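Peer 1: Just passing along the structure, written as structure tokens.
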Amino acid sequence: MNRTALVSHKGADRVRLGHPWIYRSDVLAVDAEPGDLVHVRTERDRHVGWAFFSAASQIVLRMATLARETPDDRTLLRQRLEAAAAYR
């Protein structure tokens, strides 16, 4: 089952401008457990991306990808590690 998070227009705009986080004040609703990968959507049900959820921080959602399809955990991790190695 896909976990979801609804965010305000302000939070979605920040992500579209390249910001990697969504703050607690911009989250309208979340159906997830801490650490879950959630589908981030706007209050008008528009796709924003996929993020990791944290209930313990002011940074509630940390964006993982803007892709529409559900990311595969292994593929996502491999891509991130490859990008980090290439950056170095």
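Every chain in the structure tokens takes a letter, A first, then B, and so on in the order presented; its residues are numbered from 1, and the ligands are numbered from 1 following the presented order.
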List as a list of chain:residue names the protein and nucleic acid residues near Val7 (chain A), meaning an atom at most 9 Å away when only C-alpha atoms are counted, but skip any in the same chain fewer than 4 places from it.
Peer 2: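 Result of the neighbour search: A:Gly11, A:Ala12, A:Ile22, A:Asp26, A:Val27, A:Leu28, A:Ala29, A:Val30, A:Val40, A:Arg41, A:Thr42, A:Glu43, A:Val48.
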Peer 1: Considering only C-alpha atoms, return as a PyMOL selection string whatever protein or nucleic-acid residues lie within 10 Å of Arg44 (chain A), sequence-local ones (same chain, fewer than 4 positions apart) excluded.
Peer 2: chain A and resi 6-9
Peer 1: Excluding Phe52 (chain A) and its own-chain neighbours fewer than 3 positions away, which residues fall within 10 Å of it when counting only C-alpha atoms? Please give them as a tab-separated table (two decimals) with all heavy atoms, in the first residue's frame.
Peer 2:
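The resulting out_17.tsv:
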chain	number	residue	atom	x	y	z
A	21	TRP	N	13.30	19.82	0.90
A	21	TRP	CA	12.54	19.52	2.12
A	21	TRP	C	11.16	20.14	2.07
A	21	TRP	O	10.94	21.15	1.43
A	21	TRP	CB	13.23	20.09	3.36
A	21	TRP	CG	14.63	19.67	3.58
A	21	TRP	CD1	15.21	18.47	3.24
A	21	TRP	CD2	15.65	20.44	4.20
A	21	TRP	NE1	16.52	18.46	3.62
A	21	TRP	CE2	16.82	19.66	4.22
A	21	TRP	CE3	15.68	21.70	4.76
A	21	TRP	CZ2	18.00	20.11	4.77
A	21	TRP	CZ3	16.87	22.15	5.30
A	21	TRP	CH2	18.01	21.35	5.30
A	32	ALA	N	1.30	7.69	7.14
A	32	ALA	CA	2.59	6.99	7.08
A	32	ALA	C	3.16	6.82	8.48
A	32	ALA	O	2.74	7.48	9.43
A	32	ALA	CB	3.56	7.78	6.22
A	33	GLU	N	4.15	5.95	8.54
A	33	GLU	CA	4.94	5.75	9.75
A	33	GLU	C	6.30	6.40	9.53
A	33	GLU	O	6.76	6.53	8.39
A	33	GLU	CB	5.12	4.25	10.00
A	33	GLU	CG	3.83	3.50	10.26
A	33	GLU	CD	3.15	3.92	11.55
A	33	GLU	OE1	3.87	4.18	12.54
A	33	GLU	OE2	1.92	3.99	11.57
A	34	PRO	N	6.98	6.82	10.60
A	34	PRO	CA	8.31	7.40	10.44
A	34	PRO	C	9.24	6.49	9.63
A	34	PRO	O	9.27	5.28	9.85
A	34	PRO	CB	8.80	7.56	11.88
A	34	PRO	CG	7.54	7.71	12.68
A	34	PRO	CD	6.55	6.80	12.00
A	35	GLY	N	9.94	7.11	8.68
A	35	GLY	CA	10.86	6.36	7.82
A	35	GLY	C	10.25	5.87	6.53
A	35	GLY	O	10.96	5.44	5.63
A	36	ASP	N	8.92	5.93	6.41
A	36	ASP	CA	8.25	5.47	5.19
A	36	ASP	C	8.55	6.37	4.01
A	36	ASP	O	8.70	7.58	4.16
A	36	ASP	CB	6.73	5.43	5.37
A	36	ASP	CG	6.23	4.25	6.16
A	36	ASP	OD1	7.01	3.31	6.41
A	36	ASP	OD2	5.03	4.26	6.53
A	37	LEU	N	8.58	5.78	2.84
A	37	LEU	CA	8.64	6.51	1.58
A	37	LEU	C	7.20	6.83	1.21
A	37	LEU	O	6.37	5.92	1.11
A	37	LEU	CB	9.30	5.66	0.50
A	37	LEU	CG	9.52	6.31	-0.85
A	37	LEU	CD1	10.49	7.48	-0.74
A	37	LEU	CD2	10.04	5.30	-1.85
A	38	VAL	N	6.87	8.11	1.08
A	38	VAL	CA	5.48	8.52	0.84
A	38	VAL	C	5.33	9.23	-0.50
A	38	VAL	O	6.26	9.89	-0.98
A	38	VAL	CB	4.95	9.44	1.97
A	38	VAL	CG1	4.94	8.72	3.29
A	38	VAL	CG2	5.73	10.72	2.06
A	39	HIS	N	4.15	9.08	-1.08
A	39	HIS	CA	3.81	9.79	-2.31
A	39	HIS	C	3.31	11.18	-1.89
A	39	HIS	O	2.31	11.30	-1.20
A	39	HIS	CB	2.72	9.03	-3.06
A	39	HIS	CG	2.47	9.56	-4.42
A	39	HIS	ND1	1.37	9.21	-5.15
A	39	HIS	CD2	3.19	10.42	-5.20
A	39	HIS	CE1	1.41	9.81	-6.32
A	39	HIS	NE2	2.49	10.56	-6.37
A	40	VAL	N	4.02	12.21	-2.32
A	40	VAL	CA	3.68	13.58	-1.95
A	40	VAL	C	2.77	14.16	-3.02
A	40	VAL	O	3.07	14.13	-4.21
A	40	VAL	CB	4.95	14.44	-1.80
A	40	VAL	CG1	4.60	15.86	-1.39
A	40	VAL	CG2	5.92	13.81	-0.81
A	60	VAL	N	9.56	17.51	7.86
A	60	VAL	CA	8.71	16.31	7.88
A	60	VAL	C	8.96	15.42	6.67
A	60	VAL	O	8.95	14.20	6.78
A	60	VAL	CB	7.23	16.72	7.97
A	60	VAL	CG1	6.32	15.51	7.88
A	60	VAL	CG2	6.97	17.47	9.26
A	61	LEU	N	9.20	16.04	5.52
A	61	LEU	CA	9.39	15.28	4.28
A	61	LEU	C	10.72	15.66	3.63
A	61	LEU	O	10.99	16.84	3.40
A	61	LEU	CB	8.24	15.54	3.31
A	61	LEU	CG	6.85	15.15	3.81
A	61	LEU	CD1	5.78	15.69	2.88
A	61	LEU	CD2	6.74	13.65	3.95
A	62	ARG	N	11.51	14.66	3.34
A	62	ARG	CA	12.78	14.85	2.64
A	62	ARG	C	12.62	14.21	1.27
A	62	ARG	O	12.47	12.99	1.17
A	62	ARG	CB	13.93	14.22	3.42
A	62	ARG	CG	14.26	14.99	4.68
A	62	ARG	CD	15.24	14.22	5.56
A	62	ARG	NE	15.79	15.04	6.63
A	62	ARG	CZ	15.14	15.36	7.75
A	62	ARG	NH1	13.92	14.94	7.95
A	62	ARG	NH2	15.73	16.11	8.67
A	63	MET	N	12.63	15.03	0.23
A	63	MET	CA	12.36	14.56	-1.12
A	63	MET	C	13.41	13.56	-1.59
A	63	MET	O	14.61	13.79	-1.43
A	63	MET	CB	12.27	15.72	-2.11
A	63	MET	CG	11.15	16.72	-1.81
A	63	MET	SD	9.51	15.98	-1.69
A	63	MET	CE	9.29	15.34	-3.34
A	64	ALA	N	12.94	12.46	-2.17
A	64	ALA	CA	13.82	11.43	-2.72
A	64	ALA	C	13.87	11.51	-4.24
A	64	ALA	O	14.92	11.36	-4.84
A	64	ALA	CB	13.36	10.05	-2.28
A	65	THR	N	12.71	11.75	-4.86
A	65	THR	CA	12.64	11.83	-6.31
A	65	THR	C	11.35	12.56	-6.72
A	65	THR	O	10.37	12.55	-5.98
A	65	THR	CB	12.67	10.43	-6.97
A	65	THR	OG1	12.62	10.56	-8.39
A	65	THR	CG2	11.55	9.54	-6.50
Peer 1: Extract the full set of alpha helix (DSSP H) residues from region 1-75 of chain A according to DSSP on the backbone, and format it as a ChimeraX atom specification.
Peer 2: /A:9-16,73-75
Peer 1: Go through region 6-76 of chain A and collect every residue that DSSP, computed from the backbone, puts in strand (DSSP E or B); the answer should be as a ChimeraX atom specification.
Peer 2: /A:6-7,21-23,27-31,37-42,47-53,59-65
Peer 1: Can I get the selected residues back with C-alpha atoms, as a compact mmCIF listing (two decimals), in the first residue's frame?
Peer 2:
# COMPACT_ATOMS: atom_id res chain seq x y z
CA LEU A 6 -0.75 16.07 1.27
CA VAL A 7 1.11 19.36 1.20
CA TRP A 21 12.54 19.52 2.12
CA ILE A 22 8.94 20.15 3.13
CA TYR A 23 8.41 21.63 6.57
CA VAL A 27 2.05 19.41 5.52
CA LEU A 28 -1.74 19.12 5.60
CA ALA A 29 -2.08 15.36 6.19
CA VAL A 30 0.11 12.24 6.30
CA ASP A 31 -0.77 8.55 6.20
CA LEU A 37 8.64 6.51 1.58
CA VAL A 38 5.48 8.52 0.84
CA HIS A 39 3.81 9.79 -2.31
CA VAL A 40 3.68 13.58 -1.95
CA ARG A 41 0.62 15.25 -3.46
CA THR A 42 -0.89 18.72 -3.34
CA HIS A 47 1.76 14.81 -8.01
CA VAL A 48 4.80 16.44 -6.35
CA GLY A 49 7.17 13.47 -5.87
CA TRP A 50 8.30 10.88 -3.35
CA ALA A 51 9.82 11.65 0.05
CA PHE A 52 10.89 10.05 3.31
CA PHE A 53 8.64 10.89 6.25
CA ILE A 59 11.53 18.82 8.30
CA VAL A 60 8.71 16.31 7.88
CA LEU A 61 9.39 15.28 4.28
CA ARG A 62 12.78 14.85 2.64
CA MET A 63 12.36 14.56 -1.12
CA ALA A 64 13.82 11.43 -2.72
CA THR A 65 12.64 11.83 -6.31
